[in-house]
$ cat final_8.cif   # mmCIF, C-alpha atoms and all ligand atoms
data_model
#
loop_
_atom_site.label_atom_id
_atom_site.label_comp_id
_atom_site.auth_asym_id
_atom_site.auth_seq_id
_atom_site.Cartn_x
_atom_site.Cartn_y
_atom_site.Cartn_z
CA MET A 1 8.52 23.16 -28.24
CA GLU A 2 7.44 22.56 -24.72
CA GLY A 3 5.99 25.52 -22.88
CA LYS A 4 7.53 27.32 -19.99
CA TYR A 5 4.36 27.29 -17.90
CA TRP A 6 2.21 24.45 -16.64
CA ASN A 7 -0.85 26.69 -16.71
CA GLN A 8 0.01 29.81 -18.68
CA LYS A 9 -3.38 31.48 -18.36
CA ILE A 10 -3.36 31.29 -14.56
CA GLU A 11 0.35 31.85 -13.99
CA THR A 12 0.52 35.00 -16.13
CA MET A 13 -2.96 36.35 -15.36
CA PRO A 14 -2.94 40.17 -14.95
CA ARG A 15 -2.98 41.07 -11.26
CA ALA A 16 -6.25 42.97 -11.48
CA GLU A 17 -7.95 39.86 -12.81
CA LEU A 18 -6.19 37.66 -10.26
CA GLU A 19 -7.33 39.90 -7.42
CA LYS A 20 -10.89 39.91 -8.71
CA ARG A 21 -10.83 36.14 -8.65
CA GLN A 22 -9.31 36.16 -5.15
CA LEU A 23 -12.03 38.43 -3.80
CA GLN A 24 -14.74 36.20 -5.19
CA LEU A 25 -13.12 33.08 -3.70
CA PHE A 26 -12.37 34.82 -0.42
CA ARG A 27 -15.97 35.90 0.09
CA MET A 28 -17.13 32.36 -0.64
CA GLN A 29 -14.55 30.90 1.74
CA VAL A 30 -15.55 33.25 4.58
CA LYS A 31 -19.21 32.33 4.15
CA TYR A 32 -18.36 28.62 3.92
CA SER A 33 -16.21 28.73 7.08
CA TYR A 34 -18.87 30.66 8.99
CA GLU A 35 -21.55 28.18 8.03
CA ASN A 36 -19.57 24.99 8.56
CA SER A 37 -17.25 25.60 11.48
CA ALA A 38 -18.16 26.27 15.10
CA VAL A 39 -14.59 27.49 15.67
CA TYR A 40 -14.90 30.20 13.00
CA GLN A 41 -18.44 31.09 13.96
CA LYS A 42 -17.21 31.80 17.48
CA LYS A 43 -14.27 33.87 16.18
CA PHE A 44 -16.57 35.92 13.94
CA LYS A 45 -19.07 36.56 16.71
CA LYS A 46 -16.30 37.66 19.03
CA ALA A 47 -15.00 40.08 16.37
CA GLY A 48 -18.54 41.31 15.73
CA ILE A 49 -18.56 40.58 11.99
CA LYS A 50 -20.75 38.69 9.53
CA PRO A 51 -19.67 37.16 6.18
CA ASN A 52 -21.58 39.90 4.33
CA ASP A 53 -19.28 42.52 5.85
CA ILE A 54 -16.54 41.34 3.47
CA LYS A 55 -16.91 43.49 0.36
CA SER A 56 -13.33 44.13 -0.75
CA LEU A 57 -9.94 42.46 -0.30
CA LYS A 58 -9.10 45.23 2.17
CA ASP A 59 -11.88 43.95 4.42
CA ILE A 60 -9.67 40.96 5.17
CA GLN A 61 -8.38 43.04 8.07
CA LYS A 62 -11.73 42.55 9.81
CA VAL A 63 -11.32 38.77 9.81
CA PRO A 64 -9.72 37.31 12.97
CA PHE A 65 -6.44 35.39 12.71
CA THR A 66 -6.08 31.62 12.98
CA VAL A 67 -3.09 30.35 14.97
CA LYS A 68 -1.38 27.02 15.59
CA ASP A 69 -3.13 26.69 18.96
CA ASP A 70 -6.50 26.63 17.17
CA PHE A 71 -5.35 23.37 15.54
CA ARG A 72 -3.97 21.99 18.79
CA ASP A 73 -6.99 22.96 20.89
CA ASN A 74 -9.34 21.35 18.38
CA TYR A 75 -7.23 18.25 17.82
CA PRO A 76 -7.80 16.01 15.98
CA LEU A 77 -10.73 17.00 13.75
CA GLY A 78 -12.56 19.78 15.58
CA MET A 79 -12.00 22.21 12.71
CA LEU A 80 -13.26 19.89 10.01
CA MET A 81 -15.83 21.56 7.72
CA VAL A 82 -17.10 18.48 5.85
CA GLN A 83 -18.61 15.13 6.82
CA PRO A 84 -15.93 12.63 7.95
CA ASP A 85 -16.87 10.43 4.96
CA ASP A 86 -15.73 13.17 2.59
CA VAL A 87 -12.17 12.99 3.91
CA VAL A 88 -9.93 10.93 1.63
CA GLU A 89 -6.46 11.50 3.14
CA ILE A 90 -4.98 12.77 6.40
CA HIS A 91 -1.46 14.01 7.12
CA SER A 92 0.08 15.33 10.28
CA SER A 93 3.03 17.30 11.61
CA SER A 94 5.41 15.58 14.00
CA GLY A 95 3.96 17.40 17.00
CA THR A 96 7.07 17.13 19.17
CA THR A 97 5.74 19.83 21.50
CA GLY A 98 2.09 18.91 22.09
CA ASN A 99 -0.76 17.83 19.86
CA PRO A 100 0.30 17.53 16.22
CA VAL A 101 -1.28 19.65 13.47
CA VAL A 102 -3.57 17.49 11.35
CA GLY A 103 -3.93 18.20 7.61
CA VAL A 104 -7.17 16.97 6.08
CA TYR A 105 -7.91 16.48 2.37
CA THR A 106 -11.15 15.91 0.52
CA LYS A 107 -11.18 14.67 -3.09
CA ASN A 108 -11.19 18.33 -4.16
CA ASP A 109 -8.26 19.16 -1.86
CA MET A 110 -6.21 16.26 -3.24
CA ASP A 111 -6.87 17.45 -6.82
CA VAL A 112 -5.75 20.97 -5.90
CA TRP A 113 -2.65 19.72 -4.07
CA ARG A 114 -1.59 17.54 -6.99
CA GLU A 115 -2.17 20.41 -9.42
CA LEU A 116 -0.11 22.82 -7.31
CA MET A 117 2.76 20.37 -6.82
CA THR A 118 2.73 19.59 -10.54
CA ARG A 119 2.79 23.30 -11.33
CA SER A 120 5.60 23.84 -8.80
CA LEU A 121 7.80 21.06 -10.16
CA TYR A 122 7.15 22.18 -13.72
CA THR A 123 8.17 25.75 -12.81
CA THR A 124 11.62 24.53 -11.75
CA GLY A 125 12.04 22.69 -15.04
CA VAL A 126 10.98 19.12 -14.16
CA ARG A 127 9.61 17.36 -17.26
CA ASN A 128 8.28 13.91 -18.07
CA THR A 129 11.75 12.77 -19.16
CA ASP A 130 13.13 13.27 -15.64
CA VAL A 131 13.86 10.71 -12.94
CA VAL A 132 12.74 12.28 -9.68
CA HIS A 133 14.45 10.89 -6.58
CA ILE A 134 12.39 11.76 -3.50
CA SER A 135 14.24 11.59 -0.17
CA TYR A 136 11.62 13.38 1.86
CA GLY A 137 10.08 11.11 4.48
CA TYR A 138 6.99 9.27 3.21
CA GLY A 139 4.05 8.81 5.53
CA LEU A 140 2.31 11.36 7.69
CA PHE A 141 4.78 14.11 6.72
CA THR A 142 3.46 15.97 3.67
CA GLY A 143 6.88 16.16 1.98
CA GLY A 144 7.23 12.66 0.51
CA LEU A 145 3.76 12.16 -0.94
CA GLY A 146 3.41 15.83 -1.95
CA PHE A 147 6.39 15.63 -4.30
CA HIS A 148 5.31 12.16 -5.35
CA TYR A 149 1.92 13.42 -6.56
CA GLY A 150 3.55 16.37 -8.33
CA ALA A 151 6.06 14.19 -10.18
CA HIS A 152 3.21 11.88 -11.23
CA GLY A 153 1.25 14.88 -12.46
CA ILE A 154 4.10 15.68 -14.84
CA GLY A 155 4.54 12.06 -15.84
CA ALA A 156 8.16 11.87 -14.66
CA THR A 157 9.66 8.65 -13.27
CA VAL A 158 9.43 8.66 -9.48
CA VAL A 159 11.88 6.91 -7.17
CA PRO A 160 10.18 7.04 -3.75
CA ALA A 161 13.37 6.53 -1.75
CA SER A 162 12.01 8.21 1.41
CA ALA A 163 14.42 9.07 4.21
CA GLY A 164 17.25 6.99 5.67
CA MET A 165 19.72 4.45 4.27
CA THR A 166 21.89 7.18 2.82
CA GLN A 167 24.44 4.93 1.12
CA ARG A 168 21.76 2.96 -0.64
CA GLN A 169 20.17 6.20 -1.78
CA VAL A 170 23.43 7.29 -3.38
CA LYS A 171 23.66 3.94 -5.16
CA LEU A 172 20.08 4.21 -6.42
CA MET A 173 20.61 7.76 -7.64
CA LYS A 174 23.64 6.61 -9.60
CA ASP A 175 22.20 3.35 -10.94
CA LEU A 176 18.73 4.68 -11.83
CA GLY A 177 20.01 7.94 -13.30
CA ALA A 178 18.27 10.43 -11.00
CA THR A 179 18.07 13.87 -12.61
CA VAL A 180 16.04 15.62 -9.87
CA LEU A 181 16.55 15.40 -6.11
CA CYS A 182 13.85 16.39 -3.60
CA CYS A 183 14.76 16.49 0.12
CA THR A 184 15.61 18.81 3.02
CA PRO A 185 18.65 21.03 2.34
CA SER A 186 20.51 19.45 5.26
CA PHE A 187 19.96 15.98 3.80
CA ALA A 188 21.25 17.20 0.43
CA VAL A 189 24.44 18.26 2.20
CA TYR A 190 24.66 14.87 3.89
CA LEU A 191 24.13 13.05 0.57
CA GLY A 192 26.96 15.13 -0.91
CA GLU A 193 29.27 14.13 1.94
CA THR A 194 28.31 10.49 1.57
CA MET A 195 29.06 10.60 -2.16
CA ARG A 196 32.49 12.07 -1.50
CA ALA A 197 33.20 9.37 1.09
CA GLU A 198 32.23 6.74 -1.52
CA HIS A 199 34.46 8.42 -4.12
CA ILE A 200 31.50 9.34 -6.26
CA ASP A 201 31.65 12.69 -8.01
CA PRO A 202 28.05 13.85 -8.44
CA ARG A 203 29.10 16.17 -11.26
CA THR A 204 30.41 13.38 -13.46
CA ASP A 205 29.09 10.10 -12.04
CA LEU A 206 25.47 11.22 -11.64
CA LYS A 207 22.95 12.83 -13.99
CA LEU A 208 21.50 15.20 -11.37
CA ARG A 209 20.57 18.62 -12.71
CA LEU A 210 17.93 20.02 -10.32
CA GLY A 211 17.25 19.98 -6.61
CA LEU A 212 14.05 21.04 -4.80
CA PHE A 213 14.73 21.70 -1.16
CA GLY A 214 12.53 22.84 1.71
CA ALA A 215 10.87 22.00 5.05
CA GLU A 216 13.55 23.89 6.99
CA PRO A 217 15.02 27.41 6.69
CA TRP A 218 18.28 27.52 4.73
CA SER A 219 20.55 30.38 3.77
CA GLU A 220 21.88 31.51 0.39
CA LYS A 221 25.33 30.30 1.45
CA ILE A 222 24.05 26.75 1.87
CA ARG A 223 22.44 27.05 -1.56
CA GLU A 224 25.78 28.00 -3.11
CA ARG A 225 27.43 25.05 -1.40
CA ILE A 226 24.80 22.52 -2.49
CA GLU A 227 24.82 23.82 -6.07
CA GLN A 228 28.57 23.63 -6.25
CA GLU A 229 28.98 20.27 -4.57
CA LEU A 230 26.20 18.45 -6.37
CA GLY A 231 26.55 20.34 -9.65
CA ILE A 232 22.86 21.26 -9.76
CA GLU A 233 20.50 24.24 -9.74
CA ALA A 234 18.80 24.40 -6.32
CA PHE A 235 15.24 25.65 -5.79
CA ASP A 236 13.51 26.63 -2.57
CA VAL A 237 10.04 25.20 -1.94
CA TYR A 238 7.64 26.28 0.76
CA GLY A 239 4.54 24.92 2.40
CA LEU A 240 2.82 24.13 5.68
CA THR A 241 0.73 21.19 6.88
CA GLU A 242 -1.92 23.76 7.89
CA LEU A 243 -2.32 24.85 4.24
CA CYS A 244 -1.70 21.65 2.21
CA GLY A 245 1.98 20.80 2.75
CA PRO A 246 4.43 21.76 -0.03
CA GLY A 247 2.86 23.48 -3.04
CA VAL A 248 2.14 26.89 -1.50
CA SER A 249 5.05 28.61 -3.26
CA ILE A 250 8.10 27.82 -5.39
CA GLU A 251 11.11 29.58 -6.87
CA CYS A 252 11.32 30.10 -10.61
CA HIS A 253 14.63 30.24 -12.51
CA THR A 254 15.23 33.86 -11.52
CA HIS A 255 15.62 32.75 -7.86
CA ASN A 256 14.24 36.05 -6.75
CA GLY A 257 11.67 34.91 -4.20
CA LEU A 258 9.07 32.14 -4.29
CA HIS A 259 5.89 32.55 -6.36
CA VAL A 260 2.86 32.10 -4.11
CA TRP A 261 0.08 30.35 -6.07
CA GLU A 262 -2.38 33.15 -5.51
CA ASP A 263 -5.29 31.51 -7.28
CA HIS A 264 -5.41 29.17 -4.25
CA PHE A 265 -3.88 31.22 -1.42
CA LEU A 266 -4.29 34.78 -0.28
CA ALA A 267 -1.00 35.99 1.20
CA GLU A 268 -0.41 38.91 3.54
CA THR A 269 2.45 40.14 5.71
CA ILE A 270 1.66 41.60 9.11
CA ASP A 271 3.53 43.28 11.93
CA PRO A 272 3.96 40.30 14.29
CA ASN A 273 3.50 42.51 17.36
CA THR A 274 0.48 44.60 16.39
CA GLY A 275 -1.16 42.40 13.75
CA GLU A 276 -1.31 45.38 11.40
CA VAL A 277 -1.22 44.55 7.66
CA LEU A 278 1.99 45.65 5.91
CA SER A 279 2.51 46.83 2.34
CA PRO A 280 4.38 44.83 -0.31
CA GLY A 281 8.12 45.27 0.21
CA GLU A 282 7.81 45.50 3.99
CA LYS A 283 9.24 42.74 6.14
CA GLY A 284 6.81 40.92 8.42
CA GLU A 285 5.08 37.68 9.37
CA LEU A 286 3.47 35.72 6.55
CA VAL A 287 -0.26 35.10 6.88
CA PHE A 288 -2.16 32.81 4.48
CA THR A 289 -5.82 32.21 3.71
CA SER A 290 -6.73 29.08 1.77
CA LEU A 291 -9.14 30.08 -1.01
CA THR A 292 -10.14 26.73 -2.46
CA LYS A 293 -9.77 24.18 0.33
CA THR A 294 -12.91 22.38 1.49
CA GLY A 295 -11.90 19.88 4.21
CA LEU A 296 -10.19 22.18 6.62
CA PRO A 297 -9.62 25.64 5.14
CA VAL A 298 -7.91 28.33 7.20
CA LEU A 299 -8.63 32.05 7.29
CA ARG A 300 -5.64 34.31 7.96
CA TYR A 301 -3.32 31.64 9.32
CA ARG A 302 -0.30 33.12 11.12
CA THR A 303 2.76 31.16 9.99
CA ARG A 304 5.40 32.77 12.27
CA ASP A 305 7.60 32.85 9.16
CA ILE A 306 9.27 36.19 8.50
CA SER A 307 9.43 37.32 4.87
CA VAL A 308 8.70 40.12 2.39
CA LEU A 309 6.03 40.00 -0.34
CA GLU A 310 6.82 41.51 -3.75
CA THR A 311 3.93 42.00 -6.16
CA GLU A 312 5.53 43.43 -9.30
CA ARG A 313 5.67 41.11 -12.29
CA CYS A 314 8.63 38.71 -12.26
CA SER A 315 10.95 38.59 -15.26
CA CYS A 316 9.83 34.96 -15.78
CA GLY A 317 6.45 36.39 -16.83
CA ARG A 318 4.51 35.11 -13.82
CA THR A 319 2.29 37.64 -12.08
CA HIS A 320 1.83 35.74 -8.81
CA ALA A 321 3.43 37.52 -5.84
CA ARG A 322 6.86 36.44 -4.66
CA MET A 323 7.71 35.85 -1.02
CA LEU A 324 11.39 36.34 -0.32
CA LYS A 325 13.25 33.34 1.07
CA VAL A 326 12.22 32.61 4.65
CA THR A 327 15.38 32.60 6.73
CA GLY A 328 13.75 31.90 10.08
CA ARG A 329 10.49 31.64 11.91
CA SER A 330 9.79 33.87 14.86
CA ASP A 331 9.55 30.64 16.90
CA ASP A 332 13.21 29.92 16.06
CA MET A 333 14.46 33.24 17.33
CA LEU A 334 16.94 32.79 20.17
CA LYS A 335 17.35 35.30 22.92
CA VAL A 336 20.99 35.22 23.95
CA LYS A 337 22.32 37.63 26.54
CA GLY A 338 19.39 39.93 25.75
CA VAL A 339 20.10 39.88 21.99
CA ASN A 340 17.75 38.38 19.39
CA VAL A 341 19.53 35.95 17.08
CA PHE A 342 18.26 33.67 14.31
CA PRO A 343 20.18 30.42 13.71
CA SER A 344 20.17 31.36 10.01
CA GLN A 345 22.27 34.44 10.81
CA ILE A 346 24.92 32.24 12.36
CA GLU A 347 24.70 29.91 9.36
CA TYR A 348 25.12 32.79 6.97
CA ALA A 349 28.17 34.05 8.90
CA ILE A 350 30.03 30.77 9.02
CA MET A 351 29.18 29.34 5.61
CA GLY A 352 31.09 32.14 3.89
CA PHE A 353 34.33 30.38 4.85
CA PRO A 354 35.42 27.64 2.44
CA GLU A 355 37.53 26.06 5.21
CA VAL A 356 34.42 24.91 7.09
CA ALA A 357 31.89 22.23 6.13
CA CYS A 358 28.10 22.66 6.13
CA GLN A 359 27.57 21.19 9.60
CA TYR A 360 27.26 23.35 12.68
CA LEU A 361 25.57 23.29 16.07
CA ILE A 362 24.60 26.17 18.33
CA VAL A 363 24.66 25.27 22.04
CA LEU A 364 23.04 27.48 24.67
CA ASP A 365 23.32 26.86 28.37
CA ARG A 366 22.92 28.61 31.70
CA PRO A 367 25.28 26.95 34.17
CA GLY A 368 25.13 29.87 36.61
CA ALA A 369 23.45 33.23 36.42
CA LEU A 370 24.51 33.96 32.85
CA ASP A 371 23.85 32.40 29.45
CA THR A 372 26.65 30.67 27.62
CA PHE A 373 26.56 30.69 23.84
CA SER A 374 28.79 28.39 21.85
CA VAL A 375 28.98 27.40 18.20
CA LYS A 376 30.58 24.21 16.92
CA VAL A 377 31.56 24.18 13.27
CA GLU A 378 33.03 21.26 11.37
CA LEU A 379 36.16 21.75 9.32
CA THR A 380 36.28 20.36 5.81
CA GLU A 381 38.37 17.21 5.29
CA LYS A 382 40.86 19.29 3.35
CA THR A 383 41.37 21.88 6.09
CA ALA A 384 41.46 19.24 8.83
CA LYS A 385 44.27 17.41 7.01
CA ASP A 386 46.22 20.52 6.05
CA PRO A 387 49.22 20.93 8.37
CA GLN A 388 49.65 24.51 7.12
CA ALA A 389 46.11 25.57 8.09
CA ASP A 390 46.15 28.43 10.58
CA LEU A 391 43.15 27.49 12.68
CA ASN A 392 43.59 30.31 15.18
CA ASP A 393 43.45 32.84 12.39
CA LEU A 394 40.42 31.10 10.86
CA LYS A 395 38.69 31.17 14.24
CA ARG A 396 39.42 34.87 14.63
CA ARG A 397 38.00 35.66 11.17
CA ILE A 398 34.84 33.60 11.72
CA LEU A 399 34.24 35.21 15.12
CA GLU A 400 34.65 38.66 13.65
CA ARG A 401 32.04 37.83 11.01
CA ILE A 402 29.57 36.43 13.55
CA HIS A 403 30.08 39.54 15.66
CA ASN A 404 29.45 41.81 12.66
CA ILE A 405 26.16 40.07 11.94
CA THR A 406 24.81 39.38 15.43
CA GLY A 407 26.74 41.67 17.77
CA LEU A 408 27.76 38.63 19.83
CA PHE A 409 31.01 36.73 20.35
CA PRO A 410 30.18 33.05 20.93
CA ASP A 411 32.67 30.44 22.13
CA LEU A 412 33.67 29.04 18.77
CA GLU A 413 34.90 25.50 18.45
CA LEU A 414 36.27 24.12 15.19
CA VAL A 415 35.60 20.39 15.25
CA LYS A 416 36.68 17.39 13.17
CA PRO A 417 34.69 16.42 10.05
CA GLY A 418 31.86 14.04 10.88
CA SER A 419 31.69 14.86 14.59
CA ILE A 420 28.29 16.61 14.55
CA PRO A 421 25.39 14.10 14.31
CA ARG A 422 23.56 13.98 10.92
CA THR A 423 19.84 13.51 10.41
CA ASP A 424 17.96 12.28 7.37
CA GLY A 425 15.14 14.77 7.89
CA LYS A 426 15.19 18.23 9.35
CA ALA A 427 18.55 19.20 10.81
CA LYS A 428 18.96 19.94 14.49
CA ARG A 429 20.99 23.16 14.59
CA VAL A 430 20.27 24.37 18.10
CA LEU A 431 20.76 22.63 21.43
CA ASP A 432 19.18 24.79 24.11
CA LEU A 433 20.07 23.42 27.51
CA ARG A 434 18.69 26.50 29.27
CA LYS A 435 15.13 25.20 29.23
CA GLY A 436 13.82 24.60 32.73
CA LYS A 437 16.72 26.51 34.27
CA THR A 438 16.04 29.88 35.84
ZN ZN B 1 9.40 34.24 -11.58
#
$ encode --input "final_8.cif" --output "structure tokens" --more "lines below"
Ligand SMILES: [Zn+2]
Amino acid sequence: MEGKYWNQKIETMPRAELEKRQLQLFRMQVKYSYENSAVYQKKFKKAGIKPNDIKSLKDIQKVPFTVKDDFRDNYPLGMLMVQPDDVVEIHSSSGTTGNPVVGVYTKNDMDVWRELMTRSLYTTGVRNTDVVHISYGYGLFTGGLGFHYGAHGIGATVVPASAGMTQRQVKLMKDLGATVLCCTPSFAVYLGETMRAEHIDPRTDLKLRLGLFGAEPWSEKIRERIEQELGIEAFDVYGLTELCGPGVSIECHTHNGLHVWEDHFLAETIDPNTGEVLSPGEKGELVFTSLTKTGLPVLRYRTRDISVLETERCSCGRTHARMLKVTGRSDDMLKVKGVNVFPSQIEYAIMGFPEVACQYLIVLDRPGALDTFSVKVELTEKTAKDPQADLNDLKRRILERIHNITGLFPDLELVKPGSIPRTDGKAKRVLDLRKGKT
């Protein structure tokens, strides 16, 4: 019988042993970064520490943070710690707001990435008999090729569909017998809608059984919807270009947080305001240190993602810490009429109503002295066509729920199915027209 783990020894290693290994790797990584990077040398000097000052895992608190601006200020390759000839692959974020973040891989880094993606896919149940349909964008974005390498590592059949051409993707999934779908959660929703429009029932006409979704925050309610509509089990995946792309953490079948592969990453949560390290179980900003990367490793990288780390052993048998589902990054937080709101809170509030579809748009504006806050939500085809549907009552119930969760009453508009623009990558959920207005 096939095993449950890709690498049982590592995945179920007792925590004491895992931490011992982490300390050893961490000390090496600190020394390596100090010796090979002018950026880190400067940071260390400023903090008044030397690599030898790191004696225990607790000493990590002495090490200065790395932030996104470090990448941008040293664009493109100012943080590289190897000779340019040792670089074998480069990826990049989209960089819509300034210099993009460049991800650099040596031969070693590619081997690690493939191993971690293979391990991640295997954890969700992907096997060599599967047909893995990848609708993440291929190219500079780490999503497409990351999953591609992982599926190859398992020996599954890969269909590198990439993004776009939604109807053709549905046809390919049907004709080639896709069993696993990898894409953004919003694209999974869009694929489901397209199938319905083409009179294809994914539960009976397709062989899909698993979905691996990430690259944007998504709520439990969207998970329920995707699972129900596509007839699959949906897994959350997490990663960052700054670390390696996807492959940092993955959900197991218990769906109780994402296992961080701690033999390659050291994870912490901190108070985002004070930088103070928090204990497991406390909610804070995720901070990662790459333990095995050679091209461009990061020490204490602040992700801006808010989560909770749990370190007790999971019922799946894995000992690696779990990070609870990220429902928003601190960068995404909206300040509306003096109140802090995450788009995911709005999503959670509205997706509890079966009368509405998965598409919504939050619009913020400041036409005069005050902010306006409106939410557009699409009705399902069924509700839109139902002459008996009491839309005023539905509106009242949705508003009450949004108010309970956020303390705010937006202008709520129930719109026709298909009226909010779709994307084949990350969804655009917020339109903030206040920018530049005072
Ligand atoms: Zn588990």
$ residues_near_ligand --input "final_8.cif" --ligand "ligand ZN 1 (chain B)" --cutoff "8 Å" --atoms "all atoms listed in the file" --output "list in words"
Glu251, Cys252, His253, Thr254, His255, Asn256, Gly257, Leu258, His259, Arg313, Cys314, Ser315, Cys316, Gly317, Arg318, Thr319 and Arg322 of chain A
$ atom_distance --input "final_8.cif" --atom1 "CA of Ser330 in chain A" --atom2 "CA of Leu370 in chain A"
23.2 Å
$ closest_residue --input "final_8.cif" --among "A:Glu216, A:Asp70, A:Glu115, A:Glu276" --to "Gly146 in chain A" --atoms "all atoms listed in the file"
A:Glu115
$ closest_residue --input "final_8.cif" --among "A:Tyr122, A:Tyr149, A:Phe141, A:Phe342" --to "Lys4 in chain A" --atoms "all atoms listed in the file"
A:Tyr122
$ residues_around --input "final_8.cif" --residues "Phe265 in chain A" --least-positions-apart "3" --cutoff "12 Å" --atoms "only C-alpha atoms" --output "VMD selection string"
chain A and resid 18 to 19 21 to 23 25 to 26 29 112 to 113 116 239 243 to 244 247 to 249 259 to 262 268 286 to 293 297 to 301 320 to 321
$ closest_residue --input "final_8.cif" --among "A:His133, A:His199, A:Lys382, A:Lys207" --to "Gly177 in chain A" --atoms "all atoms listed in the file"
A:Lys207
$ residues_around --input "final_8.cif" --residues "Arg114 in chain A" --least-positions-apart "6" --cutoff "10 Å" --atoms "only C-alpha atoms" --output "ChimeraX atom specification"
/A:120,145-154,247
$ residues_around --input "final_8.cif" --residues "range 333-336 of chain A" --least-positions-apart "3" --cutoff "10 Å" --atoms "all atoms listed in the file" --output "mmCIF file with C-alpha atoms, in the frame of the given file"
data_model
loop_
_atom_site.group_PDB
_atom_site.id
_atom_site.type_symbol
_atom_site.label_atom_id
_atom_site.label_comp_id
_atom_site.auth_asym_id
_atom_site.auth_seq_id
_atom_site.Cartn_x
_atom_site.Cartn_y
_atom_site.Cartn_z
ATOM 1 C CA GLY A 328 13.750 31.900 10.080
ATOM 2 C CA ARG A 329 10.490 31.640 11.910
ATOM 3 C CA SER A 330 9.790 33.870 14.860
ATOM 4 C CA VAL A 339 20.100 39.880 21.990
ATOM 5 C CA ASN A 340 17.750 38.380 19.390
ATOM 6 C CA VAL A 341 19.530 35.950 17.080
ATOM 7 C CA PHE A 342 18.260 33.670 14.310
ATOM 8 C CA PRO A 343 20.180 30.420 13.710
ATOM 9 C CA SER A 344 20.170 31.360 10.010
ATOM 10 C CA LEU A 364 23.040 27.480 24.670
ATOM 11 C CA ASP A 365 23.320 26.860 28.370
ATOM 12 C CA LEU A 370 24.510 33.960 32.850
ATOM 13 C CA ASP A 371 23.850 32.400 29.450
ATOM 14 C CA THR A 372 26.650 30.670 27.620
ATOM 15 C CA PHE A 373 26.560 30.690 23.840
ATOM 16 C CA LEU A 408 27.760 38.630 19.830
ATOM 17 C CA PRO A 410 30.180 33.050 20.930
ATOM 18 C CA VAL A 430 20.270 24.370 18.100
ATOM 19 C CA ASP A 432 19.180 24.790 24.110
#
$ residues_around --input "final_8.cif" --residues "Pro421 in chain A" --least-positions-apart "2" --cutoff "10 Å" --atoms "all atoms listed in the file" --output "NGL selection string"
:A and (359-361 or 418-419 or 423 or 427-428)
$ closest_residue --input "final_8.cif" --among "A:Lys171, A:Arg434, A:Lys31, A:Arg223" --to "Ala188 in chain A" --atoms "all atoms listed in the file"
A:Arg223
$ closest_residue --input "final_8.cif" --among "A:Arg304, A:Cys183, A:Asp263, A:Asp205" --to "Ala234 in chain A" --atoms "all atoms listed in the file"
A:Cys183
